[in-house]
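What follows is a set of notes on a single structure, which appears directly below.
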Amino acid sequence: MAQMPKRVKHRKVHRGKLKRLAHRGNKVSFGDFGLQALEAGWVSANVIEAARITANRYLGGEGKLYIRIFPDKPITSTPLETRMGKGKGEPDYWAAVVQPGTVLYEIGGVPEAVARGAFARIAHKLPVKARCIARRRA
Amino acid sequence: MKTMPLKARKRTEQGSRACRRLRRAGEVPAILYGSTREGDQTKLVTENLAVSAYELTKLIDQHASVLEISYGAEKALVQLSEIQRDALGDHIVHVDLKLIDPNRPMSGMVELIFKGEPKGARAGGKLKIVEYAIEVEALPRDMPKEIEVHVDELDVDDALHVDELTLPAGCKALTNGRQLVVHVVPPAGEGEGEAEGEGEAEAAASEPEVIAKGKKEEAE
């Protein structure tokens, strides 16, 4: 099941700008390897879930996959064949705002080749370019 | 631990624009700070320096934490106390160099290197690393680059804590001794998988969102 917030303050939010770099959540914190976004974009809850499933299938019970993003932004849309006006559309899906540098997923407890394989499968599903990075030493 | 040499130069230009020019020219702005003792007197030192980005990256890749820095006619033993990177983590933006006394203990984070395959992993368990580095106190010459942790003997449900680690001679762990470092978790049972599935089904049935309503509506 795709993720979504349990409670929200506002049903609809502004679109916002995707101009900044990620100055938080840009390090590998839980696992050994991470998948870092190189572009900005919205990653929908369905994509996050699909990527999780494909990575876990590839890992086959080995290691641990961490999801570092959460879809907390409601994206609205107006139905097809609707006349202009009549206000903002209804919430359609939830998305996570991703900035260049954001670590999207992390994997721990597997060799690098396996982590890269899982990340390659995740990256195919993502709407942003991403790369594999290793945990940086203290 | 062998101290690594690093050449630096004093910089007079300061501020974001000057630092940006410096980085474009292949250097990294650095600050040197600390105190030195001359007899009974303590002298505070602060210097704005510039170091070669290439040399610095090479040293950091070798896990150097204690450096012998030379700038102008002066030399100093320093600790790499903070490394600032850009958002993508590719480039070093700034480094803090802290003066250290070779005869006084210093503290710093030391990386843990996990060696071997745990006994429990062969039985289906998973090695879970909780701490990747611990804080250690030692004289600069005794400061290790990394600490090896052998996990071969760990069975399922076994754990290693900070006080059970074998530290190099002259080192003392500052991290809490009861802090968990690594443990082997038992294999996930079939029951757990089913429970996860049920939870998902429940989530699917629930309402997509609960809107936090204002006091005004609650009063109504």
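Residue numbering restarts at 1 in every chain; chains get A, B, ... in the order shown in the structure tokens, and ligands count up from 1 in that same order.
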
Please report as CSV every residue of chain A lying within 7 Å of chain B, along with the nearest atom pair and their distance in Å (one decimal), using only C-alpha atoms.
```
residue,atom,partner,partner_atom,distance
A:Met1,CA,B:Glu200,CA,5.7
A:Pro5,CA,B:Glu209,CA,6.8
A:Lys6,CA,B:Glu209,CA,5.8
A:Arg7,CA,B:Val210,CA,4.8
A:Val8,CA,B:Ile211,CA,5.3
A:Lys9,CA,B:Ala212,CA,5.3
A:His10,CA,B:Ile211,CA,6.9
A:Arg11,CA,B:Ile211,CA,6.8
A:Leu21,CA,B:Ala87,CA,6.1
A:Ala22,CA,B:Ala87,CA,5.8
A:His23,CA,B:Ala87,CA,5.4
A:Asn26,CA,B:Ala87,CA,6.7
A:Gly101,CA,B:Leu88,CA,4.6
A:Gly109,CA,B:Leu127,CA,6.7
A:Arg137,CA,B:Glu111,CA,6.7
A:Ala138,CA,B:Glu111,CA,6.2
```

Exercise for the section: Please provide as a PyMOL selection string all residues within 10 Å of stretch 3-19 of chain B, with the sequence filter that same-chain residues fewer than 5 positions apart are discarded (counting only C-alpha atoms). Expected result: chain B and resi 24-25+27-31+47-52+55-56+59+62+64-72+75-79+93-94+140-141+143

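Distance annotation: of A:Gly31, A:Pro74, A:Gly117, A:Pro100, the residue with the minimal separation from A:Arg15 is A:Pro74; atom set is only C-alpha atoms.
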
Practice task
May I have the residues within 8 Å of stretch 162-171 of chain B as JSON, numbers by chain, using only C-alpha atoms and disregarding those fewer than 6 positions away in the same chain?
Solution key: {"B": [136, 137, 138, 139, 142, 143, 144, 147, 149, 177, 178, 179, 180, 181]}

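Near A:Gly41, within 8 Å and counting only C-alpha atoms, sit Leu18, Val97, Val98, Gln99, Pro127 and Val128 of chain A; same-chain residues fewer than 3 positions away were not included.
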
Practice task
Once DSSP has gone over the backbone, tell me which residues of stretch 20-178 of chain B are in strand (DSSP E or B), as number ranges by chain.
Solution key: B: 27-38, 41-52, 66-71, 74-85, 92-99, 106-115, 126-129, 133-138, 146-150, 159-161, 172-173

Exercise for the section: May I have the residues within 6 Å of B:Val156 as JSON, numbers by chain, using only C-alpha atoms and disregarding those fewer than 5 positions away in the same chain? Expected result: {"B": [120, 125, 184, 186]}

Let me see the file: selected residues, N, CA and C atoms, as an mmCIF file, in the first residue's frame.
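Printed below is result_38.cif as written:
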```cif
data_model
loop_
_atom_site.group_PDB
_atom_site.id
_atom_site.type_symbol
_atom_site.label_atom_id
_atom_site.label_comp_id
_atom_site.auth_asym_id
_atom_site.auth_seq_id
_atom_site.Cartn_x
_atom_site.Cartn_y
_atom_site.Cartn_z
ATOM 1 N N GLY B 120 26.278 -16.586 13.170
ATOM 2 C CA GLY B 120 24.819 -16.503 13.100
ATOM 3 C C GLY B 120 24.310 -16.205 11.695
ATOM 4 N N GLY B 125 20.734 -15.661 10.256
ATOM 5 C CA GLY B 125 20.612 -14.359 10.916
ATOM 6 C C GLY B 125 21.204 -13.248 10.064
ATOM 7 N N VAL B 184 23.537 -9.630 15.814
ATOM 8 C CA VAL B 184 23.028 -10.526 14.766
ATOM 9 C C VAL B 184 21.563 -10.779 15.085
ATOM 10 N N PRO B 186 17.847 -12.436 14.526
ATOM 11 C CA PRO B 186 17.379 -13.732 14.014
ATOM 12 C C PRO B 186 16.658 -13.572 12.685
#
```

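For the atom pair formed by atom CA of B:Lys172 and atom CA of B:Asp157, the distance is 26.9 Å, given to one decimal.
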
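Interatomic distance, atom CA of A:Asn56 to atom CA of A:Ala123: 13.8 Å.
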
Exercise for the section: Identify, on the basis of only C-alpha atoms, every residue whose closest approach to A:Ala45 does not exceed 7 Å; exclude the query and any residue fewer than 4 positions from it along the same chain; express the result as a PyMOL selection string. Expected result: chain A and resi 2-3+49+71+94-95

Exercise for the section: From stretch 69-206 of chain B, collect each residue whose DSSP state is alpha helix (DSSP H) and return the set as a PyMOL selection string. Expected result: chain B and resi 119-122+190-205

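For the set A:Leu80, A:Ile67, A:Met4, A:Ile75, the residue with the smallest atom-to-atom gap to A:Asp92 is A:Ile75, counting only C-alpha atoms.
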